[in-house]
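Asker: Pasting a structure here, questions to come.
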Amino acid sequence: MLTTIAPSQQDTYIKLANSLNAFFEITQIDVLFFSFSGTLIYYGDIITDNKTIQQTMDPDHFGKSIIFPIVLNNQVWGFTMCSSAKSSNHRIQVSKEYLSNLFNSHFSEHENVQTIVLDPLTDD
């Protein structure tokens, strides 16, 4: 039986927004998170309006980016998108490790939930 965590709960997204803000403050890399349930987290905002989501994720708005798919219990749940305009390969790898720790820590309170941050997809 697959264990789910109800990722649509508002408090889950609020905690995640705070964690992603900390990621930005430490790394100075713009980051957003999009869940395939239709929720975007960007600069602490939790956005569900489709038009706003499309505008925010547009490459002309967000710029050159790297996408890290997020897997929960063997299912792709969403992805983080990080600006890669000023990022070296080393910085990208460190970002992946940071995001892996962030998501593992975030979901560690949920029993039987496994999180994986996959290798980055780039637009190169």
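If you're wondering about the labels, chains in the structure tokens are A, B, ... by order shown, residues count from 1 in each chain, ligands from 1 in order shown.
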Within region 36-83 of chain A, find each residue whose DSSP state, derived from the backbone, is helix (DSSP H, G or I), and express the selection as number ranges by chain.

Answerer: A: 50-57, 59-62

Asker: Near region 75-91 of chain A, counting only C-alpha atoms, which residues have an atom at most 9 Å away, once you skip same-chain residues fewer than 3 positions from it, shown as a PyMOL selection string?

Answerer: chain A and resi 7+27+29-37+57+62-72+94-96+99+117+122

Asker: Kindly indicate which residue among A:Phe23, A:Asp49, A:Asp58, A:Asp11 lies nearest to Phe103 (chain A), using only C-alpha atoms for the distances.

Answerer: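 Using only C-alpha atoms, the shortest distance to Phe103 (chain A) belongs to A:Phe23.
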
Asker: Can you list every residue in chain A that DSSP puts in strand (DSSP E or B), as a PyMOL selection string?

Answerer: chain A and resi 31-35+39-42+45-47+65-72+75-83+115-117+121-122

Asker: Using Å and a single decimal, report how far CA of Gln93 (chain A) sits from CA of Glu109 (chain A).

Answerer: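 Interatomic distance, CA of Glu109 (chain A) to CA of Gln93 (chain A): 25.7 Å.
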
Asker: Pick out the closest residue to Gly38 (chain A) from this set: A:Leu16, A:Ile92, A:Ile26, A:Ile53. Count only C-alpha atoms.

Answerer: A:Ile53

Asker: Which neighbours of Lys15 (chain A) fall inside 10 Å, counting only C-alpha atoms, when residues of the same chain fewer than 6 positions from it are skipped, and could you give them as number ranges by chain?

Answerer: A: 21, 44, 106

Asker: Ranking A:Pro120, A:Asp45, A:Pro59, A:Ser19 by minimum distance to Asn104 (chain A) and counting only C-alpha atoms, which one comes first?

Answerer: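 Among A:Pro120, A:Asp45, A:Pro59, A:Ser19, it is A:Ser19 that comes nearest to Asn104 (chain A).
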